[in-house]
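To start, the structure itself, in structure tokens.
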Amino acid sequence: MEAERDTAAAVADRVLQAVLGTVDLLSIFAGDRLGWYRSLAHDGPATAAQLADRTATHPRYTREWLEQQAVTGLLVVDRDGPAEDRVFALPPAVAEVLTDEHSLNYLAPFARLFGATGPALPRLFEAYRSGGGVSWDELGDNAREGQAQGNRPWYQHRLGAALAGVPEVDAVLRARGARILDIGCGAGWSSIALAEAYPRAHVRGVDIDTPSIRAARHNAETTGVADRTQFTVADAARLPESGFDIAFAFECVHDMPRPVDVLGAVRRALRPGAPLVVMDEAVAAEFAPDGDDVERLMYGFSLFVCLPDGMSSPPSAGTGTVMRQRTLRDYALAAGFTSVEVLPIDGFGFWRFYRLG
């Protein structure tokens, strides 16, 4: 009986820690969306009234958020004086993680992405009952922008060097006039990184989401690569035969309702023998109930974002974020590719790279 109570107490403690983590995540979402973190990072420490004035928010809510952030350990506070005079500050390390969109440690987009699922929960629950889905478009801008901003630093800082370390891929990309296809390009940061790393190439980004393509065109203009990039709203499953020299699919195959159709269309859009490089989640080869934190995180993305998106366009393969290597291989072979190999790119976030030939 004592052992059973201890076990229940341990489970209760785990659930309590999850509740506390959820409170932190939602509070981070609020601080990100309302500009509280950015004001503390760029304008300096503040009282609740000062922060409210800077961000056009109500001081009573601002004070509650500041105190919660101090209690949870993300802010530091000068404790002297009455509550209205307390000055709160954002430590540099916290500022990097929650406000520096160029840092590899930038994690505020995770809060934005999961926060976007809140309003969609009734639709998600109905989808779980009916077998339907909830698309990225239905999740809205917070999910769309969270995904784009979360991946951006890795493309910006690491993609060029990662690909340069794979000679057979790098040689294709360095050729003058190389034509690169980037399917599921989202807000375009992967295409932009390719254009910056390989200035003699031309990149065409394709995505089915119109707002994402608008963002991609804007991002290409602001980063100075609009002359070497082209972004098109299109269903990748209907790509024409175009003779591209290489294609990329960055973290999107697991979202596709009909991945074999898309991969087959990409194969036909490539010149004969040209490769498709797929970047997707670095999950384990097989399911195991003692999976690591990457598995836990990816099942979270799958349950609330990626699997419902894939299921929103029937008929669907229903892949989900946790796409095992064997699943990708089966898709690739069914699409007409004859080989799938893991590329020697290590330490690239949560992802693994494959070459389909």
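We label chains A, B, ... in the order they appear in the structure tokens, count residues from 1 in each chain, and number ligands from 1 in the order shown.
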
Excluding stretch 267-283 of chain A and residues on its chain fewer than 4 positions from it, collect all residues at most 7 Å away from it, counting only C-alpha atoms, and give them as a count of residues only.
-> 26

Show me, as a CSV table (one decimal) with C-alpha atoms, in the first residue's frame, the residues that have an atom within 12 Å of A:Asp293 when counting only C-alpha atoms, minus same-chain residues fewer than 3 positions from it.
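What ended up in part.csv:
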chain,number,residue,atom,x,y,z
A,282,ALA,CA,15.8,13.1,-35.9
A,283,VAL,CA,13.6,10.6,-34.1
A,284,ALA,CA,14.6,7.1,-33.2
A,289,PRO,CA,8.0,3.7,-24.5
A,290,ASP,CA,11.2,5.0,-22.9
A,296,ARG,CA,8.5,13.5,-26.3
A,297,LEU,CA,8.7,16.9,-28.0
A,298,MET,CA,8.0,15.5,-31.5
A,299,TYR,CA,4.9,13.6,-30.3
A,300,GLY,CA,3.7,16.9,-28.8
A,350,PHE,CA,16.4,18.4,-33.8

Using only C-alpha atoms, pick whichever of A:Val172, A:Val97, A:Val233, A:Ala178 has the shortest atom-to-atom distance to A:Arg200.
-> A:Ala178

Selected residue, from A:Glu196, A:Asp207, A:Glu126, A:Asp182, that lies nearest to A:His157 when counting only C-alpha atoms |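 Closest to A:His157 of all the choices is A:Glu196.
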
All residues 12 Å or closer to stretch 40-57 of chain A, only C-alpha atoms, same chain fewer than 2 positions away omitted, as JSON, numbers by chain | {"A": [30, 31, 32, 33, 34, 35, 36, 37, 38, 59, 60, 61, 62, 63, 64, 65, 66, 67, 74, 75, 76, 77, 78, 79, 81, 82, 83, 84, 85, 86, 87, 88, 89, 90, 91, 92, 93, 94, 95, 96, 97, 98, 99, 100]}

If you keep N, CA and C atoms, can you produce a file of those selected residues as a compact mmCIF listing (two decimals), in the first residue's frame?
# COMPACT_ATOMS: atom_id res chain seq x y z
N ALA A 30 2.57 35.14 -23.63
CA ALA A 30 2.04 36.49 -23.38
C ALA A 30 3.14 37.53 -23.45
N GLY A 31 4.27 37.25 -22.81
CA GLY A 31 5.37 38.21 -22.82
C GLY A 31 5.93 38.46 -24.20
N ASP A 32 5.91 37.43 -25.04
CA ASP A 32 6.38 37.56 -26.42
C ASP A 32 5.39 38.36 -27.25
N ARG A 33 4.13 38.01 -27.20
CA ARG A 33 3.12 38.64 -28.05
C ARG A 33 2.83 40.08 -27.64
N LEU A 34 2.91 40.38 -26.34
CA LEU A 34 2.58 41.72 -25.87
C LEU A 34 3.77 42.66 -25.84
N GLY A 35 4.94 42.14 -26.20
CA GLY A 35 6.12 42.99 -26.29
C GLY A 35 6.82 43.26 -24.98
N TRP A 36 6.43 42.57 -23.91
CA TRP A 36 7.03 42.81 -22.61
C TRP A 36 8.50 42.43 -22.57
N TYR A 37 8.84 41.25 -23.11
CA TYR A 37 10.25 40.85 -23.13
C TYR A 37 11.09 41.81 -23.98
N ARG A 38 10.58 42.14 -25.14
CA ARG A 38 11.36 43.00 -26.03
C ARG A 38 11.60 44.37 -25.40
N PRO A 59 -1.42 48.34 -16.41
CA PRO A 59 -0.39 48.14 -15.37
C PRO A 59 -0.73 47.05 -14.37
N ARG A 60 -2.00 46.79 -14.11
CA ARG A 60 -2.32 45.72 -13.15
C ARG A 60 -1.95 44.36 -13.71
N TYR A 61 -2.23 44.13 -14.98
CA TYR A 61 -1.83 42.87 -15.60
C TYR A 61 -0.32 42.81 -15.77
N THR A 62 0.28 43.93 -16.12
CA THR A 62 1.72 43.96 -16.29
C THR A 62 2.42 43.58 -14.99
N ARG A 63 1.93 44.13 -13.86
CA ARG A 63 2.55 43.81 -12.57
C ARG A 63 2.40 42.33 -12.23
N GLU A 64 1.24 41.77 -12.52
CA GLU A 64 1.04 40.34 -12.22
C GLU A 64 2.00 39.48 -13.03
N TRP A 65 2.17 39.84 -14.30
CA TRP A 65 3.08 39.08 -15.16
C TRP A 65 4.52 39.23 -14.69
N LEU A 66 4.93 40.44 -14.36
CA LEU A 66 6.30 40.67 -13.89
C LEU A 66 6.58 39.87 -12.62
N GLU A 67 5.63 39.88 -11.68
CA GLU A 67 5.84 39.12 -10.45
C GLU A 67 5.90 37.62 -10.72
N LEU A 74 12.64 33.86 -14.27
CA LEU A 74 13.06 34.40 -15.56
C LEU A 74 13.44 35.88 -15.47
N LEU A 75 12.90 36.60 -14.50
CA LEU A 75 13.25 37.99 -14.28
C LEU A 75 13.90 38.16 -12.92
N VAL A 76 14.70 39.21 -12.78
CA VAL A 76 15.24 39.58 -11.48
C VAL A 76 14.58 40.89 -11.06
N VAL A 77 14.50 41.12 -9.74
CA VAL A 77 13.74 42.26 -9.25
C VAL A 77 14.47 42.92 -8.08
N ASP A 78 14.40 44.25 -8.05
CA ASP A 78 14.86 45.02 -6.89
C ASP A 78 13.73 44.99 -5.87
N ARG A 79 13.95 44.33 -4.73
CA ARG A 79 12.87 44.08 -3.78
C ARG A 79 12.59 45.27 -2.86
N GLY A 81 11.32 48.74 -1.34
CA GLY A 81 10.22 49.64 -1.60
C GLY A 81 8.90 48.94 -1.83
N PRO A 82 7.83 49.72 -1.97
CA PRO A 82 6.50 49.16 -2.21
C PRO A 82 6.39 48.52 -3.59
N ALA A 83 5.33 47.74 -3.79
CA ALA A 83 5.17 46.97 -5.02
C ALA A 83 5.23 47.84 -6.27
N GLU A 84 4.63 49.02 -6.20
CA GLU A 84 4.58 49.85 -7.42
C GLU A 84 5.94 50.42 -7.80
N ASP A 85 6.90 50.36 -6.85
CA ASP A 85 8.24 50.90 -7.14
C ASP A 85 9.26 49.83 -7.50
N ARG A 86 8.87 48.58 -7.45
CA ARG A 86 9.82 47.50 -7.75
C ARG A 86 10.24 47.54 -9.21
N VAL A 87 11.54 47.38 -9.42
CA VAL A 87 12.09 47.43 -10.78
C VAL A 87 12.48 46.02 -11.20
N PHE A 88 11.99 45.59 -12.35
CA PHE A 88 12.23 44.25 -12.88
C PHE A 88 13.19 44.33 -14.07
N ALA A 89 14.08 43.34 -14.15
CA ALA A 89 15.07 43.33 -15.23
C ALA A 89 15.13 41.95 -15.87
N LEU A 90 15.49 41.94 -17.15
CA LEU A 90 15.61 40.70 -17.93
C LEU A 90 17.10 40.35 -18.05
N PRO A 91 17.55 39.25 -17.43
CA PRO A 91 18.97 38.87 -17.54
C PRO A 91 19.36 38.61 -18.99
N PRO A 92 20.62 38.86 -19.35
CA PRO A 92 21.05 38.68 -20.75
C PRO A 92 20.79 37.29 -21.32
N ALA A 93 21.01 36.25 -20.52
CA ALA A 93 20.80 34.89 -21.03
C ALA A 93 19.33 34.64 -21.35
N VAL A 94 18.44 35.15 -20.49
CA VAL A 94 17.01 35.00 -20.75
C VAL A 94 16.61 35.82 -21.96
N ALA A 95 17.17 37.01 -22.08
CA ALA A 95 16.88 37.86 -23.24
C ALA A 95 17.26 37.16 -24.54
N GLU A 96 18.39 36.46 -24.54
CA GLU A 96 18.80 35.75 -25.76
C GLU A 96 17.79 34.68 -26.14
N VAL A 97 17.39 33.89 -25.16
CA VAL A 97 16.48 32.77 -25.44
C VAL A 97 15.09 33.25 -25.86
N LEU A 98 14.65 34.39 -25.33
CA LEU A 98 13.27 34.81 -25.54
C LEU A 98 13.09 36.00 -26.48
N THR A 99 14.19 36.66 -26.89
CA THR A 99 14.03 37.83 -27.77
C THR A 99 14.97 37.87 -28.96
N ASP A 100 16.07 37.12 -28.93
CA ASP A 100 17.06 37.22 -30.01
C ASP A 100 16.71 36.25 -31.13

May I ask which of the residues A:Gly133, A:Gly115, A:Gly291, A:Gly73 is the closest one to A:Asp309, counting only C-alpha atoms?
->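 Closest residue, counting only C-alpha atoms: A:Gly133.
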
Point out the residue among A:Leu159, A:Leu26, A:Leu124, A:Ala171 with the least atom-to-atom distance to A:Ala108, counting only C-alpha atoms.
->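 Nearest to A:Ala108: A:Leu26.
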
State, in Å with one decimal place, the distance from atom CA of A:Thr210 to atom CA of A:Ala143.
->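 Interatomic distance, atom CA of A:Thr210 to atom CA of A:Ala143: 14.4 Å.
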
Correct to one decimal, the distance atom CA of A:Ala237-atom CA of A:Gly318 is 16.4 Å

Can you list, as a list of chain:residue names, every protein, DNA or RNA residue that comes within 7 Å of A:Ala236 when you count only C-alpha atoms, leaving out same-chain residues fewer than 5 positions away?
->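 Using only C-alpha atoms, the neighbours found are A:Ile183, A:Val206, A:Val262, A:Ala265.
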
Output file for the residues above (N, CA and C atoms, as an mmCIF file, in the first residue's frame):
data_model
loop_
_atom_site.group_PDB
_atom_site.id
_atom_site.type_symbol
_atom_site.label_atom_id
_atom_site.label_comp_id
_atom_site.auth_asym_id
_atom_site.auth_seq_id
_atom_site.Cartn_x
_atom_site.Cartn_y
_atom_site.Cartn_z
ATOM 1 N N ILE A 183 10.777 22.817 -51.717
ATOM 2 C CA ILE A 183 9.341 22.580 -51.556
ATOM 3 C C ILE A 183 8.958 22.736 -50.086
ATOM 4 N N VAL A 206 8.484 26.825 -53.118
ATOM 5 C CA VAL A 206 7.085 26.485 -53.399
ATOM 6 C C VAL A 206 6.402 26.123 -52.092
ATOM 7 N N VAL A 262 3.799 13.814 -53.779
ATOM 8 C CA VAL A 262 4.696 14.974 -53.810
ATOM 9 C C VAL A 262 6.115 14.539 -54.166
ATOM 10 N N ALA A 265 6.375 13.811 -57.785
ATOM 11 C CA ALA A 265 6.387 15.023 -58.596
ATOM 12 C C ALA A 265 7.739 15.716 -58.515
#

12 Å contact set for A:Cys185, only C-alpha atoms, chain neighbours under 2 positions out, as a count of residues only | 49

Length of the atom CA of A:Leu139 to atom CA of A:Ser312 vector [Å] |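 Calculated distance between atom CA of A:Leu139 and atom CA of A:Ser312 is 11.8 Å.
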
May I have all residues of stretch 147-205 of chain A that DSSP, computed from the backbone, assigns to alpha helix (DSSP H), given as a ChimeraX atom specification?
-> /A:147-154,160-164,167-174,189-197

Grab the residues selected above and save them as an mmCIF file, in the first residue's frame with N, CA and C atoms.
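For reference, part.cif as written:
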data_model
loop_
_atom_site.group_PDB
_atom_site.id
_atom_site.type_symbol
_atom_site.label_atom_id
_atom_site.label_comp_id
_atom_site.auth_asym_id
_atom_site.auth_seq_id
_atom_site.Cartn_x
_atom_site.Cartn_y
_atom_site.Cartn_z
ATOM 1 N N GLN A 147 6.580 28.623 -36.286
ATOM 2 C CA GLN A 147 7.348 27.625 -37.026
ATOM 3 C C GLN A 147 8.484 28.276 -37.797
ATOM 4 N N ALA A 148 8.184 29.352 -38.500
ATOM 5 C CA ALA A 148 9.195 30.018 -39.324
ATOM 6 C C ALA A 148 10.321 30.597 -38.477
ATOM 7 N N GLN A 149 9.965 31.280 -37.386
ATOM 8 C CA GLN A 149 10.977 31.916 -36.554
ATOM 9 C C GLN A 149 11.804 30.901 -35.770
ATOM 10 N N GLY A 150 11.192 29.778 -35.426
ATOM 11 C CA GLY A 150 11.935 28.753 -34.704
ATOM 12 C C GLY A 150 13.029 28.120 -35.531
ATOM 13 N N ASN A 151 12.782 27.945 -36.828
ATOM 14 C CA ASN A 151 13.774 27.313 -37.709
ATOM 15 C C ASN A 151 14.777 28.302 -38.280
ATOM 16 N N ARG A 152 14.405 29.572 -38.349
ATOM 17 C CA ARG A 152 15.234 30.563 -39.030
ATOM 18 C C ARG A 152 16.692 30.582 -38.568
ATOM 19 N N PRO A 153 17.011 30.622 -37.257
ATOM 20 C CA PRO A 153 18.427 30.712 -36.873
ATOM 21 C C PRO A 153 19.269 29.554 -37.383
ATOM 22 N N TRP A 154 18.676 28.370 -37.436
ATOM 23 C CA TRP A 154 19.447 27.215 -37.907
ATOM 24 C C TRP A 154 19.746 27.336 -39.396
ATOM 25 N N GLY A 160 24.366 26.590 -44.567
ATOM 26 C CA GLY A 160 25.420 26.658 -45.575
ATOM 27 C C GLY A 160 26.601 25.782 -45.221
ATOM 28 N N ALA A 161 27.067 25.872 -43.967
ATOM 29 C CA ALA A 161 28.212 25.069 -43.540
ATOM 30 C C ALA A 161 27.875 23.584 -43.530
ATOM 31 N N ALA A 162 26.645 23.242 -43.136
ATOM 32 C CA ALA A 162 26.243 21.833 -43.106
ATOM 33 C C ALA A 162 26.291 21.225 -44.506
ATOM 34 N N LEU A 163 25.759 21.941 -45.485
ATOM 35 C CA LEU A 163 25.740 21.415 -46.848
ATOM 36 C C LEU A 163 27.132 21.423 -47.472
ATOM 37 N N ALA A 164 27.950 22.424 -47.102
ATOM 38 C CA ALA A 164 29.323 22.475 -47.614
ATOM 39 C C ALA A 164 30.127 21.265 -47.165
ATOM 40 N N PRO A 167 30.324 16.843 -49.854
ATOM 41 C CA PRO A 167 30.897 17.245 -51.143
ATOM 42 C C PRO A 167 29.983 17.044 -52.338
ATOM 43 N N GLU A 168 29.260 15.919 -52.395
ATOM 44 C CA GLU A 168 28.442 15.658 -53.578
ATOM 45 C C GLU A 168 27.251 16.611 -53.671
ATOM 46 N N VAL A 169 26.790 17.102 -52.537
ATOM 47 C CA VAL A 169 25.719 18.100 -52.535
ATOM 48 C C VAL A 169 26.286 19.482 -52.802
ATOM 49 N N ASP A 170 27.370 19.818 -52.132
ATOM 50 C CA ASP A 170 28.002 21.128 -52.278
ATOM 51 C C ASP A 170 28.406 21.392 -53.728
ATOM 52 N N ALA A 171 28.918 20.379 -54.413
ATOM 53 C CA ALA A 171 29.363 20.566 -55.805
ATOM 54 C C ALA A 171 28.201 20.952 -56.709
ATOM 55 N N VAL A 172 27.055 20.343 -56.514
ATOM 56 C CA VAL A 172 25.883 20.689 -57.318
ATOM 57 C C VAL A 172 25.458 22.123 -57.054
ATOM 58 N N LEU A 173 25.446 22.516 -55.797
ATOM 59 C CA LEU A 173 24.985 23.846 -55.426
ATOM 60 C C LEU A 173 25.938 24.941 -55.881
ATOM 61 N N ARG A 174 27.219 24.643 -55.962
ATOM 62 C CA ARG A 174 28.211 25.658 -56.338
ATOM 63 C C ARG A 174 28.282 25.898 -57.840
ATOM 64 N N TRP A 189 12.867 31.130 -45.221
ATOM 65 C CA TRP A 189 14.193 31.268 -44.620
ATOM 66 C C TRP A 189 15.162 30.203 -45.111
ATOM 67 N N SER A 190 14.676 29.018 -45.434
ATOM 68 C CA SER A 190 15.566 27.995 -45.988
ATOM 69 C C SER A 190 16.036 28.406 -47.381
ATOM 70 N N SER A 191 15.133 28.895 -48.217
ATOM 71 C CA SER A 191 15.499 29.347 -49.564
ATOM 72 C C SER A 191 16.484 30.506 -49.498
ATOM 73 N N ILE A 192 16.244 31.427 -48.572
ATOM 74 C CA ILE A 192 17.115 32.593 -48.414
ATOM 75 C C ILE A 192 18.512 32.144 -47.983
ATOM 76 N N ALA A 193 18.589 31.199 -47.060
ATOM 77 C CA ALA A 193 19.887 30.692 -46.617
ATOM 78 C C ALA A 193 20.634 30.024 -47.766
ATOM 79 N N LEU A 194 19.918 29.281 -48.601
ATOM 80 C CA LEU A 194 20.551 28.663 -49.765
ATOM 81 C C LEU A 194 21.076 29.725 -50.729
ATOM 82 N N ALA A 195 20.277 30.757 -50.970
ATOM 83 C CA ALA A 195 20.698 31.821 -51.879
ATOM 84 C C ALA A 195 21.901 32.580 -51.336
ATOM 85 N N GLU A 196 21.958 32.774 -50.023
ATOM 86 C CA GLU A 196 23.094 33.467 -49.425
ATOM 87 C C GLU A 196 24.358 32.614 -49.462
ATOM 88 N N ALA A 197 24.211 31.307 -49.226
ATOM 89 C CA ALA A 197 25.373 30.425 -49.207
ATOM 90 C C ALA A 197 25.895 30.122 -50.604
#

Could you pull out the residues in stretch 107-302 of chain A that DSSP calls strand (DSSP E) from the backbone, as a VMD selection string?
-> chain A and resid 179 to 183 202 to 207 229 to 233 246 to 250 276 to 281

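Distances from A:Pro109, A:Gly336, A:Gly349, A:Pro122 to A:Gly264 were compared using only C-alpha atoms, and the smallest one belongs to A:Gly336.
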